[in-house]
Amino acid sequence: MTRSLAALPGAARRLCLSRRRGEICTREKDHRGLHHRRGGSLMWSDVQADPPLCPGSGSPAEPAARLEDGFPDGRALCPVCWAFAPLTDDGRLAEHDSWRGDATRTDADRRRAWFNAHGW
């Protein structure tokens, strides 16, 4: 019997993360067919998906509190997409794509530790 990576203990479930009207697709990454938000009637195609650039780009922000290891390294938390984004010289969120998941398990662990320490 083979088990998917998502079924393994401690493994992160890899979601599609396509967005429409700010809602994130709840299907598995690389799925076939339309994107959809579980529990709702919102469905969309790739053509109808939100652009990757986060509308929170350019918003005023301050650096987020740091963990002992320095995370999030002087970046601010975007209130629109929940990404940690760099700040411009004038204290605004730099242009960034909407958060679509962490690149590595280590990144996900650091992000989880930050939210557990500092909340939403």
# chains A, B, ... in the order shown; residues from 1 in each chain; ligands from 1
call {"tool": "residues_around", "arguments": {"residues": "Gly56 of chain A", "least_positions_apart": "2", "cutoff": "7 Å", "atoms": "only C-alpha atoms", "output": "list in words"}}
result
Cys54, Gly58, Ser59, Cys78 and Val80 of chain A
call {"tool": "write_last_selection", "arguments": {"atoms": "N, CA and C atoms", "output": "mmCIF file, in the first residue's frame"}}
result
data_model
loop_
_atom_site.group_PDB
_atom_site.id
_atom_site.type_symbol
_atom_site.label_atom_id
_atom_site.label_comp_id
_atom_site.auth_asym_id
_atom_site.auth_seq_id
_atom_site.Cartn_x
_atom_site.Cartn_y
_atom_site.Cartn_z
ATOM 1 N N CYS A 54 0.293 40.538 -4.976
ATOM 2 C CA CYS A 54 -0.611 40.782 -3.856
ATOM 3 C C CYS A 54 -1.077 42.231 -3.851
ATOM 4 N N GLY A 58 2.741 47.744 -1.280
ATOM 5 C CA GLY A 58 2.707 49.197 -1.163
ATOM 6 C C GLY A 58 2.006 49.714 0.079
ATOM 7 N N SER A 59 1.411 48.822 0.873
ATOM 8 C CA SER A 59 0.735 49.233 2.103
ATOM 9 C C SER A 59 1.756 49.622 3.173
ATOM 10 N N CYS A 78 2.192 40.825 5.752
ATOM 11 C CA CYS A 78 1.187 41.450 4.898
ATOM 12 C C CYS A 78 -0.201 41.106 5.433
ATOM 13 N N VAL A 80 -2.967 41.288 3.915
ATOM 14 C CA VAL A 80 -3.846 40.797 2.848
ATOM 15 C C VAL A 80 -3.613 39.314 2.589
#
call {"tool": "select_by_dssp", "arguments": {"residues": "chain A", "states": "helix (DSSP H, G or I)", "output": "ChimeraX atom specification"}}
result
/A:5-7,105-118
call {"tool": "write_last_selection", "arguments": {"atoms": "all heavy atoms", "output": "compact mmCIF listing (two decimals), in the first residue's frame"}}
result
# COMPACT_ATOMS: atom_id res chain seq x y z
N LEU A 5 2.29 11.68 0.32
CA LEU A 5 3.10 12.47 1.23
C LEU A 5 2.24 13.16 2.27
O LEU A 5 2.60 13.24 3.44
CB LEU A 5 3.90 13.52 0.44
CG LEU A 5 4.79 14.44 1.26
CD1 LEU A 5 5.86 13.64 1.98
CD2 LEU A 5 5.43 15.49 0.38
N ALA A 6 1.05 13.61 1.86
CA ALA A 6 0.16 14.31 2.79
C ALA A 6 -0.32 13.40 3.92
O ALA A 6 -0.67 13.87 4.98
CB ALA A 6 -1.04 14.88 2.04
N ALA A 7 -0.32 12.08 3.69
CA ALA A 7 -0.81 11.16 4.70
C ALA A 7 0.27 10.78 5.72
O ALA A 7 -0.02 10.20 6.75
CB ALA A 7 -1.34 9.89 4.03
N ARG A 105 10.07 22.55 4.26
CA ARG A 105 9.52 22.17 5.56
C ARG A 105 10.09 23.07 6.65
O ARG A 105 9.40 23.46 7.58
CB ARG A 105 9.86 20.70 5.83
CG ARG A 105 9.35 20.20 7.14
CD ARG A 105 7.92 19.78 6.98
NE ARG A 105 7.10 20.52 7.91
CZ ARG A 105 5.78 20.52 7.90
NH1 ARG A 105 5.13 19.85 7.00
NH2 ARG A 105 5.10 21.20 8.76
N THR A 106 11.38 23.42 6.54
CA THR A 106 12.01 24.31 7.52
C THR A 106 11.34 25.67 7.52
O THR A 106 11.05 26.23 8.58
CB THR A 106 13.52 24.45 7.22
OG1 THR A 106 14.12 23.16 7.28
CG2 THR A 106 14.19 25.37 8.21
N ASP A 107 11.05 26.21 6.33
CA ASP A 107 10.35 27.50 6.25
C ASP A 107 8.97 27.41 6.90
O ASP A 107 8.55 28.31 7.61
CB ASP A 107 10.19 27.94 4.79
CG ASP A 107 11.49 28.31 4.12
OD1 ASP A 107 12.49 28.54 4.84
OD2 ASP A 107 11.52 28.38 2.88
N ALA A 108 8.27 26.31 6.65
CA ALA A 108 6.93 26.12 7.24
C ALA A 108 7.02 26.03 8.76
O ALA A 108 6.19 26.60 9.47
CB ALA A 108 6.28 24.86 6.67
N ASP A 109 8.05 25.35 9.27
CA ASP A 109 8.22 25.24 10.72
C ASP A 109 8.51 26.59 11.36
O ASP A 109 7.97 26.91 12.42
CB ASP A 109 9.35 24.26 11.05
CG ASP A 109 9.00 22.82 10.73
OD1 ASP A 109 7.80 22.51 10.52
OD2 ASP A 109 9.94 21.99 10.66
N ARG A 110 9.34 27.40 10.71
CA ARG A 110 9.67 28.73 11.25
C ARG A 110 8.42 29.63 11.23
O ARG A 110 8.15 30.36 12.17
CB ARG A 110 10.80 29.37 10.45
CG ARG A 110 12.13 28.64 10.65
CD ARG A 110 13.21 29.20 9.79
NE ARG A 110 13.78 30.37 10.46
CZ ARG A 110 14.45 31.31 9.84
NH1 ARG A 110 14.64 31.26 8.54
NH2 ARG A 110 14.95 32.33 10.51
N ARG A 111 7.68 29.57 10.15
CA ARG A 111 6.45 30.36 10.03
C ARG A 111 5.45 29.95 11.11
O ARG A 111 4.84 30.79 11.77
CB ARG A 111 5.87 30.16 8.63
CG ARG A 111 4.63 30.94 8.33
CD ARG A 111 4.19 30.65 6.88
NE ARG A 111 2.94 31.26 6.62
CZ ARG A 111 2.76 32.54 6.26
NH1 ARG A 111 3.79 33.33 6.12
NH2 ARG A 111 1.56 33.02 6.06
N ARG A 112 5.28 28.64 11.31
CA ARG A 112 4.37 28.14 12.34
C ARG A 112 4.82 28.60 13.72
O ARG A 112 4.00 29.04 14.54
CB ARG A 112 4.26 26.62 12.28
CG ARG A 112 3.30 26.06 13.31
CD ARG A 112 3.09 24.55 13.23
NE ARG A 112 4.32 23.79 13.12
CZ ARG A 112 4.76 23.23 11.99
NH1 ARG A 112 4.06 23.32 10.88
NH2 ARG A 112 5.89 22.56 11.97
N ALA A 113 6.12 28.54 14.00
CA ALA A 113 6.64 28.98 15.29
C ALA A 113 6.35 30.47 15.50
O ALA A 113 5.99 30.89 16.60
CB ALA A 113 8.15 28.71 15.37
N TRP A 114 6.49 31.28 14.45
CA TRP A 114 6.22 32.71 14.57
C TRP A 114 4.74 32.94 14.92
O TRP A 114 4.43 33.70 15.83
CB TRP A 114 6.58 33.45 13.29
CG TRP A 114 6.50 34.93 13.47
CD1 TRP A 114 7.51 35.76 13.84
CD2 TRP A 114 5.34 35.76 13.34
NE1 TRP A 114 7.06 37.05 13.94
CE2 TRP A 114 5.73 37.09 13.64
CE3 TRP A 114 4.02 35.53 13.00
CZ2 TRP A 114 4.84 38.16 13.61
CZ3 TRP A 114 3.13 36.59 12.98
CH2 TRP A 114 3.54 37.90 13.28
N PHE A 115 3.84 32.30 14.18
CA PHE A 115 2.41 32.49 14.44
C PHE A 115 2.01 31.96 15.82
O PHE A 115 1.15 32.53 16.48
CB PHE A 115 1.55 31.88 13.34
CG PHE A 115 1.45 32.76 12.12
CD1 PHE A 115 2.21 32.50 11.00
CD2 PHE A 115 0.62 33.86 12.11
CE1 PHE A 115 2.13 33.33 9.89
CE2 PHE A 115 0.53 34.69 11.01
CZ PHE A 115 1.30 34.41 9.89
N ASN A 116 2.64 30.88 16.27
CA ASN A 116 2.35 30.37 17.61
C ASN A 116 2.83 31.34 18.69
O ASN A 116 2.20 31.48 19.72
CB ASN A 116 3.00 28.99 17.82
CG ASN A 116 2.24 27.90 17.13
OD1 ASN A 116 1.06 28.01 16.84
ND2 ASN A 116 2.93 26.81 16.84
N ALA A 117 3.92 32.05 18.42
CA ALA A 117 4.48 32.98 19.39
C ALA A 117 3.79 34.35 19.36
O ALA A 117 3.62 34.99 20.38
CB ALA A 117 5.97 33.17 19.15
N HIS A 118 3.37 34.77 18.16
CA HIS A 118 2.87 36.15 18.00
C HIS A 118 1.43 36.24 17.53
O HIS A 118 0.88 37.34 17.45
CB HIS A 118 3.77 36.94 17.05
CG HIS A 118 5.18 37.00 17.54
ND1 HIS A 118 5.55 37.78 18.61
CD2 HIS A 118 6.30 36.35 17.14
CE1 HIS A 118 6.83 37.62 18.83
NE2 HIS A 118 7.32 36.76 17.96
call {"tool": "residues_around", "arguments": {"residues": "Asp97 of chain A", "least_positions_apart": "4", "cutoff": "10 Å", "atoms": "only C-alpha atoms", "output": "compact mmCIF listing (two decimals) with N, CA, C and O atoms, in the first residue's frame"}}
result
# COMPACT_ATOMS: atom_id res chain seq x y z
N PRO A 51 -4.46 37.57 -10.01
CA PRO A 51 -3.06 37.70 -10.42
C PRO A 51 -2.15 37.39 -9.24
O PRO A 51 -2.55 37.55 -8.08
N PRO A 52 -0.91 36.97 -9.50
CA PRO A 52 -0.03 36.60 -8.39
C PRO A 52 0.39 37.79 -7.52
O PRO A 52 0.61 37.61 -6.33
N LEU A 53 0.46 39.01 -8.09
CA LEU A 53 0.88 40.17 -7.30
C LEU A 53 -0.15 40.47 -6.23
O LEU A 53 -1.34 40.63 -6.50
N CYS A 54 0.29 40.54 -4.98
CA CYS A 54 -0.61 40.78 -3.86
C CYS A 54 -1.08 42.23 -3.85
O CYS A 54 -0.26 43.15 -3.98
N PRO A 55 -2.38 42.47 -3.68
CA PRO A 55 -2.88 43.84 -3.61
C PRO A 55 -2.42 44.58 -2.35
O PRO A 55 -2.56 45.79 -2.26
N GLY A 56 -1.82 43.87 -1.40
CA GLY A 56 -1.28 44.51 -0.21
C GLY A 56 0.07 45.18 -0.46
O GLY A 56 0.57 45.92 0.39
N SER A 57 0.66 44.93 -1.62
CA SER A 57 1.93 45.56 -1.97
C SER A 57 1.78 47.07 -1.89
O SER A 57 0.79 47.62 -2.36
N CYS A 81 -2.35 38.92 2.39
CA CYS A 81 -2.07 37.53 2.00
C CYS A 81 -1.32 36.74 3.06
O CYS A 81 -1.11 35.55 2.89
N ALA A 83 1.81 36.91 3.85
CA ALA A 83 3.22 36.66 3.53
C ALA A 83 4.09 37.56 4.38
O ALA A 83 3.67 38.64 4.80
N ALA A 85 6.86 39.99 3.89
CA ALA A 85 7.39 40.71 2.74
C ALA A 85 8.42 41.75 3.18
O ALA A 85 8.29 42.33 4.27
call {"tool": "residues_around", "arguments": {"residues": "Gly74 of chain A", "least_positions_apart": "3", "cutoff": "9 Å", "atoms": "only C-alpha atoms", "output": "PyMOL selection string"}}
result
chain A and resi 62-66+70-71+85-87
call {"tool": "write_last_selection", "arguments": {"atoms": "C-alpha atoms", "output": "short mmCIF file (atom, residue, chain, number, x, y, z; two decimals), in the first residue's frame"}}
result
data_model
loop_
_atom_site.label_atom_id
_atom_site.label_comp_id
_atom_site.auth_asym_id
_atom_site.auth_seq_id
_atom_site.Cartn_x
_atom_site.Cartn_y
_atom_site.Cartn_z
CA GLU A 62 6.40 47.81 10.25
CA PRO A 63 8.86 44.95 10.71
CA ALA A 64 7.28 41.94 12.40
CA ALA A 65 8.49 40.82 15.82
CA ARG A 66 11.46 38.46 15.59
CA GLY A 70 15.87 36.21 13.74
CA PHE A 71 12.88 35.05 11.70
CA ALA A 85 7.39 40.71 2.74
CA PRO A 86 10.40 43.05 2.67
CA LEU A 87 9.89 46.72 3.46
#
call {"tool": "closest_residue", "arguments": {"among": "A:His35, A:Arg27, A:Arg19, A:Arg100", "to": "Phe84 of chain A", "atoms": "only C-alpha atoms"}}
result
A:Arg100
call {"tool": "atom_distance", "arguments": {"atom1": "atom CA of Gly101 of chain A", "atom2": "atom CA of Cys16 of chain A"}}
result
9.1 Å
call {"tool": "select_by_dssp", "arguments": {"residues": "chain A", "states": "strand (DSSP E)", "output": "ChimeraX atom specification"}}
result
/A:19-20,23-24,35-36,43-44,76-77,84-85
call {"tool": "residues_around", "arguments": {"residues": "Arg37 of chain A", "least_positions_apart": "5", "cutoff": "9 Å", "atoms": "only C-alpha atoms", "output": "number ranges by chain"}}
result
A: 23-27, 42-43
call {"tool": "atom_distance", "arguments": {"atom1": "atom CA of Ala76 of chain A", "atom2": "atom CA of Asp102 of chain A"}}
result
16.0 Å
call {"tool": "atom_distance", "arguments": {"atom1": "atom CA of Ser98 of chain A", "atom2": "atom CA of Leu34 of chain A"}}
result
19.9 Å
call {"tool": "decode", "arguments": {"residues": "segment 59-74 of chain A", "atoms": "N, CA and C atoms", "output": "short mmCIF file (atom, residue, chain, number, x, y, z; two decimals), in the first residue's frame"}}
result
data_model
loop_
_atom_site.label_atom_id
_atom_site.label_comp_id
_atom_site.auth_asym_id
_atom_site.auth_seq_id
_atom_site.Cartn_x
_atom_site.Cartn_y
_atom_site.Cartn_z
N SER A 59 1.41 48.82 0.87
CA SER A 59 0.73 49.23 2.10
C SER A 59 1.76 49.62 3.17
N PRO A 60 1.42 50.60 4.02
CA PRO A 60 2.32 50.92 5.14
C PRO A 60 2.45 49.73 6.08
N ALA A 61 3.65 49.51 6.60
CA ALA A 61 3.88 48.36 7.47
C ALA A 61 5.11 48.60 8.34
N GLU A 62 5.24 47.78 9.37
CA GLU A 62 6.40 47.81 10.25
C GLU A 62 6.98 46.41 10.32
N PRO A 63 8.28 46.30 10.59
CA PRO A 63 8.86 44.95 10.71
C PRO A 63 8.13 44.12 11.77
N ALA A 64 7.93 42.86 11.46
CA ALA A 64 7.28 41.94 12.40
C ALA A 64 8.24 41.61 13.53
N ALA A 65 7.67 41.25 14.69
CA ALA A 65 8.49 40.82 15.82
C ALA A 65 9.35 39.64 15.38
N ARG A 66 10.52 39.53 15.97
CA ARG A 66 11.46 38.46 15.59
C ARG A 66 11.43 37.31 16.58
N LEU A 67 11.67 36.12 16.04
CA LEU A 67 11.92 34.96 16.90
C LEU A 67 13.38 35.01 17.34
N GLU A 68 13.77 34.15 18.26
CA GLU A 68 15.16 34.13 18.73
C GLU A 68 16.15 33.90 17.59
N ASP A 69 15.75 33.13 16.57
CA ASP A 69 16.66 32.86 15.46
C ASP A 69 16.66 33.98 14.40
N GLY A 70 15.89 35.07 14.65
CA GLY A 70 15.87 36.21 13.74
C GLY A 70 14.71 36.23 12.77
N PHE A 71 14.01 35.11 12.62
CA PHE A 71 12.88 35.05 11.70
C PHE A 71 11.81 36.06 12.13
N PRO A 72 11.25 36.82 11.27
CA PRO A 72 11.25 36.84 9.81
C PRO A 72 12.27 37.79 9.18
N ASP A 73 13.37 38.00 9.85
CA ASP A 73 14.51 38.70 9.25
C ASP A 73 14.20 40.11 8.78
N GLY A 74 13.45 40.86 9.58
CA GLY A 74 13.17 42.27 9.27
C GLY A 74 12.01 42.49 8.32
#
